[in-house]
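Chemist: Sharing a structure here in C-alpha cells format.
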Amino acid sequence: MHCEIEFLPVGAGSKAGDAIVVRYGYDHDFKLMLIDGGHASTGEEIIEHLHANFGKDASLEHVLLTHSDADHASGLRTVLERVSVSNLWLHIPWLLAEEVRHLFKNKQWTEDGLRTAIKAEYDIISEVVDLARTQGTTLHYPFQGKDIGPFRVCSPTWHAYKHLLPQFEKTPDPDQAAIEAAGMWIRKESAITKMVEAARAAIQSWTTESWDNERLRDGGVTSASNESSVVLYGAFENANTVLLTGDAGLNGLRWSADYADKAGLPLQLFSFVQIPHHGSRRNSGPTVLNRLIGPKLPQGTGERYSAYVSAPVNDDQHPRRIVLNAFKRRGGRIYATQGGKKVYWGGFAPRPGYSTATGLPFYTEVEEYT
C-alpha cells in the first residue's frame, strides 16, 4: 500500500506541537489516521483539512496520541466532538495507578487516592477519553509490539512507561531509589528546570560548523514525558519505510532500535523520518542517529531519504541547526513546517493546490553551547 504523511502547521513562537494526517492504502481505497492534535486551536484546522481534502464525511480509522503533553492532546477534543473515530490509541496515566503505586515517594497513597490525584492533573486527557467513550470509539494502549493500522509501535514498552510515569512533571513525587534500581531514572522535570533551560537557550551564541566537524553531542536529556512518546515503524510498497518519532529522546530512540533489531525490522533504509521533538538538540545524538538512519556520508553524497520536522513559525529555538545538519550529513533532505503544511506523498498522486517544497540547506553557522 501507499502511505501519505502530512504535517500540519502547529503553533507560533515558542508554542510547538504536532498534528500529522496519514493516508494509507490506494488512491480510491484508503483509510485515514491522525497522529496528535496540537493545541486547542489546531482541532478546527484538522477538521477543515479533512473536509477540504477528503470530504465532509471523512472519518478516522485511527487516532494516536503519542504522549500526554497538552501541545499534542488539546486539539483532539474538537476532533472527537465532530469526526467519527474508530480507534483511539493513548496512554491513560491514572488508570495505571495501582500498577505503579510502589514507584511513588509517598507510600501512603491508596489506589483511589493516587488515581484521583493523577487524573486531576490530566484534565485534557480525561476529556479526550470521555469524548471517545461517548461516540463509541475503541480505546487501546500503544505499547511496543502493537500494530496501529500499517504501523508497528517500537517504543515505549509497558515496563519503561510505568517507570517514566512517576517522573512526569504533573505526577506526584517519584521514589527515585526504586526507579534508579530498575535503571530507569530520567529526571523529574520542574517549572524551575524549564526556566533555567529557557534562559540558557535565550543567551546562546553562534559558531561555525563544517561537514566534517559535527557539533551535536550525545548525552542530551529530555523529559520523562517525552521519552514515553510513541515511536512508529511502517513498511510500504516499493521498499518505502517510515519512522515517526514524536517527541522521543535518546532513550526512546534507542529502545526503538533495540526492538527493530529484535523484530527484524531493517534500520538505515528509511524513505521518510520524522526529526524528533521539533528539532531539539536534547532528543538527537550522533550515536543513535548512526544506528537508526546510518553513519555520516561524504560531503556531496546524494540525498537518500526525506526528514521532516514540525516546528512553529517565528520560533528561534526550534529546529536547532546542529540537529538539521546531523540529519543532512546522514543523507536527509530536510523540510520544516514553520507555518506551512508539508506533505510526503508516499506513492499517492499529489493533490491539487500543492507545490514542490524546497529543502533546507546545510548550515555553516550553528548554535554553540557550553
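By convention in this document, the chains of the C-alpha cells carry letters A, B, ... by their order, each chain's residues are numbered from 1, and ligands are numbered from 1 in the order they are shown.
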Considering only C-alpha atoms, return as an MDAnalysis selection string whatever protein or nucleic-acid residues lie within 8 Å of segment 155-168 of chain A, sequence-local ones (same chain, fewer than 5 positions apart) excluded.

Modeler: chainID A and resid 93 96 99:100 103:104 143:144 173:175 179 184:189 223:225 227:232 252:253 255:256 259

Chemist: Go through segment 40-191 of chain A and collect every residue that DSSP, computed from the backbone, puts in strand (DSSP E or B); the answer should be as number ranges by chain.

Modeler: A: 60-64, 85-89, 104, 138-140, 147-148, 151-155, 174

Chemist: Find the spatial neighbours of Trp345 of chain A, counting only C-alpha atoms, within a cut-off of 9 Å - ignore same-chain residues fewer than 4 positions away - and output them as a PyMOL selection string.

Modeler: chain A and resi 2-6+349-350

Chemist: Can you write out the residues you just picked, keeping N, CA, C and O atoms, as a compact mmCIF listing (two decimals), in the first residue's frame?

Modeler:
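Saved to again_36.txt:
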# COMPACT_ATOMS: atom_id res chain seq x y z
N HIS A 2 0.25 2.38 -0.32
CA HIS A 2 0.93 3.68 -0.27
C HIS A 2 0.78 4.26 1.14
O HIS A 2 -0.07 3.82 1.93
N CYS A 3 1.59 5.26 1.43
CA CYS A 3 1.49 5.95 2.73
C CYS A 3 1.82 7.42 2.56
O CYS A 3 2.97 7.78 2.31
N GLU A 4 0.82 8.26 2.67
CA GLU A 4 0.97 9.71 2.57
C GLU A 4 1.00 10.29 3.99
O GLU A 4 0.17 9.93 4.83
N ILE A 5 1.97 11.16 4.25
CA ILE A 5 2.14 11.74 5.59
C ILE A 5 2.16 13.25 5.48
O ILE A 5 3.03 13.81 4.81
N GLU A 6 1.20 13.89 6.12
CA GLU A 6 1.10 15.35 6.01
C GLU A 6 1.21 15.99 7.39
O GLU A 6 0.42 15.70 8.30
N ALA A 349 -0.91 9.98 -5.63
CA ALA A 349 -0.84 11.07 -6.59
C ALA A 349 -0.97 12.40 -5.84
O ALA A 349 -1.82 12.53 -4.96
N PRO A 350 -0.15 13.39 -6.16
CA PRO A 350 -0.26 14.70 -5.49
C PRO A 350 -1.64 15.30 -5.69
O PRO A 350 -2.25 15.17 -6.76

Chemist: Segment 208-214 of chain A: which residues within 10 Å, counting only C-alpha atoms, same-chain residues fewer than 4 positions away excluded, as an mmCIF file with all heavy atoms, in the first residue's frame?

Modeler:
data_model
loop_
_atom_site.group_PDB
_atom_site.id
_atom_site.type_symbol
_atom_site.label_atom_id
_atom_site.label_comp_id
_atom_site.auth_asym_id
_atom_site.auth_seq_id
_atom_site.Cartn_x
_atom_site.Cartn_y
_atom_site.Cartn_z
ATOM 1 N N PRO A 286 24.609 11.777 17.855
ATOM 2 C CA PRO A 286 25.276 11.055 16.768
ATOM 3 C C PRO A 286 25.171 9.543 16.860
ATOM 4 O O PRO A 286 24.951 8.866 15.847
ATOM 5 C CB PRO A 286 26.737 11.520 16.898
ATOM 6 C CG PRO A 286 26.664 12.843 17.573
ATOM 7 C CD PRO A 286 25.502 12.743 18.516
ATOM 8 N N LYS A 296 27.522 9.088 9.060
ATOM 9 C CA LYS A 296 27.756 10.271 8.234
ATOM 10 C C LYS A 296 28.286 9.852 6.862
ATOM 11 O O LYS A 296 29.083 8.921 6.738
ATOM 12 C CB LYS A 296 28.761 11.204 8.916
ATOM 13 C CG LYS A 296 28.245 11.848 10.179
ATOM 14 C CD LYS A 296 29.238 12.841 10.748
ATOM 15 C CE LYS A 296 30.465 12.141 11.308
ATOM 16 N NZ LYS A 296 31.380 13.107 11.968
ATOM 17 N N LEU A 297 27.837 10.561 5.844
ATOM 18 C CA LEU A 297 28.243 10.285 4.473
ATOM 19 C C LEU A 297 29.261 11.324 4.011
ATOM 20 O O LEU A 297 29.308 12.437 4.553
ATOM 21 C CB LEU A 297 27.026 10.317 3.552
ATOM 22 C CG LEU A 297 25.894 9.327 3.892
ATOM 23 C CD1 LEU A 297 24.683 9.597 2.997
ATOM 24 C CD2 LEU A 297 26.373 7.896 3.738
ATOM 25 N N PRO A 298 30.072 11.003 3.022
ATOM 26 C CA PRO A 298 30.986 12.007 2.474
ATOM 27 C C PRO A 298 30.213 13.196 1.909
ATOM 28 O O PRO A 298 29.120 13.022 1.348
ATOM 29 C CB PRO A 298 31.730 11.246 1.370
ATOM 30 C CG PRO A 298 31.587 9.804 1.736
ATOM 31 C CD PRO A 298 30.247 9.684 2.390
ATOM 32 N N GLN A 299 30.761 14.383 2.069
ATOM 33 C CA GLN A 299 30.096 15.576 1.540
ATOM 34 C C GLN A 299 29.916 15.443 0.034
ATOM 35 O O GLN A 299 30.808 14.986 -0.676
ATOM 36 C CB GLN A 299 30.914 16.825 1.860
ATOM 37 C CG GLN A 299 30.195 18.120 1.547
ATOM 38 C CD GLN A 299 30.902 19.327 2.139
ATOM 39 O OE1 GLN A 299 32.000 19.214 2.654
ATOM 40 N NE2 GLN A 299 30.256 20.479 2.090
ATOM 41 N N GLY A 300 28.724 15.799 -0.437
ATOM 42 C CA GLY A 300 28.424 15.683 -1.856
ATOM 43 C C GLY A 300 27.677 14.420 -2.214
ATOM 44 O O GLY A 300 27.213 14.266 -3.351
ATOM 45 N N ARG A 321 19.830 24.118 14.365
ATOM 46 C CA ARG A 321 20.603 23.891 13.148
ATOM 47 C C ARG A 321 21.557 22.706 13.288
ATOM 48 O O ARG A 321 21.794 21.987 12.321
ATOM 49 C CB ARG A 321 21.390 25.153 12.788
ATOM 50 C CG ARG A 321 20.515 26.305 12.322
ATOM 51 C CD ARG A 321 21.367 27.494 11.907
ATOM 52 N NE ARG A 321 20.563 28.581 11.362
ATOM 53 C CZ ARG A 321 21.063 29.688 10.816
ATOM 54 N NH1 ARG A 321 22.386 29.846 10.772
ATOM 55 N NH2 ARG A 321 20.264 30.613 10.347
ATOM 56 N N ILE A 322 22.121 22.524 14.486
ATOM 57 C CA ILE A 322 23.047 21.400 14.644
ATOM 58 C C ILE A 322 22.323 20.065 14.458
ATOM 59 O O ILE A 322 22.930 19.092 14.032
ATOM 60 C CB ILE A 322 23.777 21.438 16.007
ATOM 61 C CG1 ILE A 322 22.797 21.465 17.180
ATOM 62 C CG2 ILE A 322 24.752 22.579 16.073
ATOM 63 C CD1 ILE A 322 23.472 21.286 18.526
ATOM 64 N N VAL A 323 21.019 20.033 14.765
ATOM 65 C CA VAL A 323 20.235 18.817 14.564
ATOM 66 C C VAL A 323 19.934 18.623 13.081
ATOM 67 O O VAL A 323 20.078 17.521 12.536
ATOM 68 C CB VAL A 323 18.937 18.864 15.389
ATOM 69 C CG1 VAL A 323 18.039 17.674 15.070
ATOM 70 C CG2 VAL A 323 19.256 18.908 16.882
ATOM 71 N N ASN A 325 21.615 19.729 10.582
ATOM 72 C CA ASN A 325 22.861 19.348 9.921
ATOM 73 C C ASN A 325 23.189 17.873 10.142
ATOM 74 O O ASN A 325 23.722 17.205 9.254
ATOM 75 C CB ASN A 325 24.024 20.205 10.436
ATOM 76 C CG ASN A 325 24.063 21.587 9.791
ATOM 77 O OD1 ASN A 325 23.275 21.895 8.909
ATOM 78 N ND2 ASN A 325 24.981 22.424 10.249
ATOM 79 N N ALA A 326 22.896 17.371 11.341
ATOM 80 C CA ALA A 326 23.174 15.968 11.640
ATOM 81 C C ALA A 326 22.383 15.041 10.711
ATOM 82 O O ALA A 326 22.916 14.036 10.214
ATOM 83 C CB ALA A 326 22.855 15.667 13.097
ATOM 84 N N LYS A 328 21.196 15.981 7.800
ATOM 85 C CA LYS A 328 21.700 16.280 6.455
ATOM 86 C C LYS A 328 22.946 15.458 6.145
ATOM 87 O O LYS A 328 23.077 14.892 5.052
ATOM 88 C CB LYS A 328 22.021 17.770 6.378
ATOM 89 C CG LYS A 328 22.258 18.304 4.978
ATOM 90 C CD LYS A 328 20.958 18.632 4.299
ATOM 91 C CE LYS A 328 21.193 19.408 3.001
ATOM 92 N NZ LYS A 328 19.925 19.650 2.286
ATOM 93 N N ARG A 329 23.866 15.354 7.119
ATOM 94 C CA ARG A 329 25.098 14.579 6.925
ATOM 95 C C ARG A 329 24.809 13.110 6.647
ATOM 96 O O ARG A 329 25.625 12.414 6.047
ATOM 97 C CB ARG A 329 25.968 14.658 8.178
ATOM 98 C CG ARG A 329 26.703 15.955 8.378
ATOM 99 C CD ARG A 329 27.632 15.815 9.579
ATOM 100 N NE ARG A 329 28.274 17.079 9.864
ATOM 101 C CZ ARG A 329 27.777 18.013 10.670
ATOM 102 N NH1 ARG A 329 26.621 17.791 11.283
ATOM 103 N NH2 ARG A 329 28.423 19.146 10.868
ATOM 104 N N PHE A 362 22.480 22.980 4.275
ATOM 105 C CA PHE A 362 23.426 22.694 5.342
ATOM 106 C C PHE A 362 23.894 24.033 5.896
ATOM 107 O O PHE A 362 24.299 24.922 5.148
ATOM 108 C CB PHE A 362 24.613 21.887 4.811
ATOM 109 C CG PHE A 362 25.622 21.545 5.865
ATOM 110 C CD1 PHE A 362 25.470 20.409 6.640
ATOM 111 C CD2 PHE A 362 26.714 22.363 6.101
ATOM 112 C CE1 PHE A 362 26.382 20.087 7.634
ATOM 113 C CE2 PHE A 362 27.636 22.066 7.088
ATOM 114 C CZ PHE A 362 27.470 20.923 7.860
ATOM 115 N N TYR A 363 23.850 24.183 7.223
ATOM 116 C CA TYR A 363 24.185 25.463 7.852
ATOM 117 C C TYR A 363 25.648 25.476 8.295
ATOM 118 O O TYR A 363 26.105 24.554 8.991
ATOM 119 C CB TYR A 363 23.288 25.707 9.063
ATOM 120 C CG TYR A 363 21.831 25.899 8.707
ATOM 121 C CD1 TYR A 363 20.936 24.831 8.777
ATOM 122 C CD2 TYR A 363 21.353 27.133 8.284
ATOM 123 C CE1 TYR A 363 19.592 24.995 8.447
ATOM 124 C CE2 TYR A 363 20.025 27.315 7.951
ATOM 125 C CZ TYR A 363 19.149 26.238 8.034
ATOM 126 O OH TYR A 363 17.829 26.402 7.700
ATOM 127 N N THR A 364 26.355 26.509 7.917
ATOM 128 C CA THR A 364 27.741 26.657 8.365
ATOM 129 C C THR A 364 27.845 27.484 9.641
ATOM 130 O O THR A 364 28.894 27.527 10.267
ATOM 131 C CB THR A 364 28.596 27.312 7.269
ATOM 132 O OG1 THR A 364 28.014 28.566 6.900
ATOM 133 C CG2 THR A 364 28.666 26.416 6.039
ATOM 134 N N GLU A 365 26.765 28.141 10.037
ATOM 135 C CA GLU A 365 26.706 28.842 11.331
ATOM 136 C C GLU A 365 25.647 28.171 12.172
ATOM 137 O O GLU A 365 24.480 28.084 11.762
ATOM 138 C CB GLU A 365 26.376 30.323 11.136
ATOM 139 C CG GLU A 365 26.408 31.104 12.444
ATOM 140 C CD GLU A 365 26.090 32.578 12.251
ATOM 141 O OE1 GLU A 365 25.038 32.890 11.660
ATOM 142 O OE2 GLU A 365 26.900 33.426 12.677
ATOM 143 N N VAL A 366 26.036 27.671 13.344
ATOM 144 C CA VAL A 366 25.128 26.904 14.194
ATOM 145 C C VAL A 366 25.216 27.390 15.633
ATOM 146 O O VAL A 366 26.089 28.189 15.997
ATOM 147 C CB VAL A 366 25.465 25.391 14.135
ATOM 148 C CG1 VAL A 366 25.354 24.859 12.719
ATOM 149 C CG2 VAL A 366 26.848 25.120 14.716
ATOM 150 N N GLU A 367 24.304 26.877 16.457
ATOM 151 C CA GLU A 367 24.255 27.233 17.873
ATOM 152 C C GLU A 367 25.494 26.682 18.597
ATOM 153 O O GLU A 367 25.975 25.591 18.299
ATOM 154 C CB GLU A 367 23.000 26.663 18.519
ATOM 155 C CG GLU A 367 21.701 27.042 17.836
ATOM 156 C CD GLU A 367 21.325 26.104 16.700
ATOM 157 O OE1 GLU A 367 22.078 25.142 16.427
ATOM 158 O OE2 GLU A 367 20.290 26.350 16.057
ATOM 159 N N GLU A 368 25.959 27.437 19.571
ATOM 160 C CA GLU A 368 27.078 26.982 20.396
ATOM 161 C C GLU A 368 26.593 26.860 21.839
ATOM 162 O O GLU A 368 25.928 27.752 22.353
ATOM 163 C CB GLU A 368 28.250 27.948 20.338
ATOM 164 C CG GLU A 368 29.473 27.487 21.125
ATOM 165 C CD GLU A 368 30.683 28.359 20.893
ATOM 166 O OE1 GLU A 368 30.514 29.582 20.833
ATOM 167 O OE2 GLU A 368 31.780 27.812 20.765
#

Chemist: Give me the residues within 10 Å of Gly219 of chain A as a list in words, counting only C-alpha atoms and dropping any in the same chain fewer than 3 places off.

Modeler: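 Counting only the stated atoms, we get Leu216, Thr222, Leu250, Arg281, Arg282, Asn283, Ser284, Gly285, Pro286 and Thr287 of chain A.
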
Chemist: Please, could you write that set of residues out with N, CA and C atoms as a tab-separated table (two decimals), in the first residue's frame?

Modeler:
chain	number	residue	atom	x	y	z
A	216	LEU	N	26.90	18.40	17.23
A	216	LEU	CA	25.88	17.71	18.01
A	216	LEU	C	26.53	16.62	18.84
A	222	THR	N	15.96	14.72	27.71
A	222	THR	CA	14.64	15.32	27.57
A	222	THR	C	13.77	14.87	28.73
A	250	LEU	N	16.69	10.30	23.46
A	250	LEU	CA	17.71	9.31	23.16
A	250	LEU	C	17.33	7.92	23.67
A	281	ARG	N	17.88	19.75	20.34
A	281	ARG	CA	19.19	19.11	20.44
A	281	ARG	C	19.22	18.05	21.53
A	282	ARG	N	18.27	18.10	22.47
A	282	ARG	CA	18.26	17.13	23.57
A	282	ARG	C	17.70	15.78	23.14
A	283	ASN	N	17.11	15.70	21.98
A	283	ASN	CA	16.42	14.48	21.56
A	283	ASN	C	17.13	13.71	20.46
A	284	SER	N	18.28	14.21	20.02
A	284	SER	CA	19.05	13.51	18.99
A	284	SER	C	20.52	13.51	19.38
A	285	GLY	N	21.24	12.49	18.94
A	285	GLY	CA	22.66	12.40	19.19
A	285	GLY	C	23.31	11.57	18.11
A	286	PRO	N	24.61	11.78	17.85
A	286	PRO	CA	25.28	11.06	16.77
A	286	PRO	C	25.17	9.54	16.86
A	287	THR	N	25.32	8.98	18.07
A	287	THR	CA	25.35	7.52	18.19
A	287	THR	C	24.03	6.89	17.78

Chemist: Given the choices A:Ser86, A:Gln176, A:Thr134, A:Ser271, which gets closest to Leu244 of chain A if the distance is worked out from only C-alpha atoms?

Modeler: A:Ser271

Chemist: Could you jot down the atom CA of Glu44 of chain A to atom CA of Val129 of chain A separation for me, Å, one decimal place?

Modeler: 18.6 Å

Chemist: With only C-alpha atoms as the basis for distance, which of A:Cys154, A:Ile118, A:Val343, A:Leu8 is at the shortest distance from Thr245 of chain A?

Modeler: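 Closest residue, counting only C-alpha atoms: A:Cys154.
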
Chemist: Looking at A:Gly183, A:Gly249, A:Gly346, A:Gly331, which one is nearest to Tyr24 of chain A, with distances taken over only C-alpha atoms?

Modeler: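 Comparing A:Gly183, A:Gly249, A:Gly346, A:Gly331 against Tyr24 of chain A, the winner is A:Gly346.
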
Chemist: Would you list the contacts of segment 67-83 of chain A as a ChimeraX atom specification, taking every protein, DNA or RNA residue within 8 Å and counting only C-alpha atoms, but skipping same-chain residues closer than 6 positions in sequence?

Modeler: /A:15-19,36-44,46-47,58-60,90-91,122,124-125,127-128,131-132,135,225-226,228-230

Chemist: Mind writing the picked residues with N, CA and C atoms as a short mmCIF file (atom, residue, chain, number, x, y, z; two decimals), in the first residue's frame?

Modeler:
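Writing the result to part-v5.cif gives the following:
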data_model
loop_
_atom_site.label_atom_id
_atom_site.label_comp_id
_atom_site.auth_asym_id
_atom_site.auth_seq_id
_atom_site.Cartn_x
_atom_site.Cartn_y
_atom_site.Cartn_z
N LYS A 15 5.41 28.06 20.99
CA LYS A 15 4.33 27.08 21.15
C LYS A 15 4.43 26.01 20.07
N ALA A 16 5.21 24.98 20.36
CA ALA A 16 5.35 23.87 19.41
C ALA A 16 4.17 22.93 19.56
N GLY A 17 4.19 21.84 18.83
CA GLY A 17 3.12 20.85 18.88
C GLY A 17 3.16 20.01 17.62
N ASP A 18 2.31 19.01 17.56
CA ASP A 18 2.27 18.14 16.39
C ASP A 18 0.84 17.84 15.99
N ALA A 19 0.60 17.73 14.70
CA ALA A 19 -0.65 17.22 14.13
C ALA A 19 -0.29 16.66 12.77
N ASP A 36 -1.59 12.83 16.87
CA ASP A 36 -1.57 14.04 17.71
C ASP A 36 -2.52 15.12 17.17
N GLY A 37 -2.91 16.00 18.10
CA GLY A 37 -3.90 17.01 17.74
C GLY A 37 -3.49 18.44 18.01
N GLY A 38 -2.21 18.66 18.37
CA GLY A 38 -1.73 20.03 18.57
C GLY A 38 -2.44 20.76 19.69
N HIS A 39 -2.48 22.08 19.58
CA HIS A 39 -3.12 22.94 20.58
C HIS A 39 -4.64 22.96 20.38
N ALA A 40 -5.33 23.66 21.26
CA ALA A 40 -6.79 23.71 21.19
C ALA A 40 -7.25 24.24 19.83
N SER A 41 -6.59 25.26 19.31
CA SER A 41 -6.98 25.85 18.03
C SER A 41 -6.68 24.92 16.85
N THR A 42 -5.80 23.96 17.05
CA THR A 42 -5.42 23.06 15.96
C THR A 42 -6.56 22.14 15.57
N GLY A 43 -7.43 21.80 16.53
CA GLY A 43 -8.53 20.89 16.24
C GLY A 43 -9.38 21.35 15.08
N GLU A 44 -9.74 22.63 15.06
CA GLU A 44 -10.54 23.18 13.98
C GLU A 44 -9.79 23.10 12.65
N ILE A 46 -7.55 20.89 11.81
CA ILE A 46 -7.54 19.48 11.39
C ILE A 46 -8.85 19.14 10.68
N ILE A 47 -9.96 19.55 11.26
CA ILE A 47 -11.27 19.26 10.66
C ILE A 47 -11.40 19.92 9.30
N ALA A 58 -15.54 12.62 6.02
CA ALA A 58 -14.28 11.95 6.29
C ALA A 58 -14.25 11.43 7.73
N SER A 59 -13.78 10.22 7.89
CA SER A 59 -13.67 9.62 9.22
C SER A 59 -12.23 9.15 9.43
N LEU A 60 -11.91 8.89 10.68
CA LEU A 60 -10.56 8.47 11.04
C LEU A 60 -10.58 7.04 11.55
N LEU A 90 -3.88 5.70 23.13
CA LEU A 90 -3.24 6.65 24.04
C LEU A 90 -2.93 5.97 25.37
N HIS A 91 -2.00 6.56 26.09
CA HIS A 91 -1.72 6.13 27.46
C HIS A 91 -2.64 6.94 28.39
N TYR A 122 -4.47 15.72 34.59
CA TYR A 122 -4.56 15.42 33.16
C TYR A 122 -6.01 15.59 32.70
N ILE A 124 -7.19 17.39 30.28
CA ILE A 124 -7.37 17.34 28.82
C ILE A 124 -7.47 15.89 28.36
N ILE A 125 -6.60 15.02 28.88
CA ILE A 125 -6.66 13.61 28.52
C ILE A 125 -7.99 13.01 28.98
N GLU A 127 -10.87 14.55 29.23
CA GLU A 127 -11.89 14.98 28.28
C GLU A 127 -11.83 14.16 26.99
N VAL A 128 -10.62 13.93 26.51
CA VAL A 128 -10.44 13.15 25.28
C VAL A 128 -11.01 11.74 25.46
N LEU A 131 -14.88 11.84 25.58
CA LEU A 131 -15.46 12.06 24.26
C LEU A 131 -15.38 10.80 23.40
N ALA A 132 -14.27 10.08 23.52
CA ALA A 132 -14.12 8.84 22.75
C ALA A 132 -15.16 7.82 23.20
N GLN A 135 -18.72 8.56 21.85
CA GLN A 135 -19.03 8.22 20.45
C GLN A 135 -18.78 6.75 20.13
N SER A 225 8.22 12.53 30.17
CA SER A 225 7.01 12.50 29.35
C SER A 225 7.36 12.35 27.88
N ASN A 226 8.36 13.11 27.42
CA ASN A 226 8.79 12.96 26.03
C ASN A 226 9.32 11.57 25.74
N SER A 228 8.32 8.92 26.91
CA SER A 228 7.20 7.98 26.79
C SER A 228 6.51 8.08 25.43
N SER A 229 6.98 8.96 24.57
CA SER A 229 6.34 9.19 23.28
C SER A 229 6.39 7.94 22.40
N VAL A 230 5.30 7.68 21.72
CA VAL A 230 5.20 6.51 20.84
C VAL A 230 6.04 6.72 19.58
#

Chemist: By how many Å are atom CA of Ser310 of chain A and atom CA of Leu50 of chain A apart?

Modeler: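 Those two atoms sit 18.8 Å apart.
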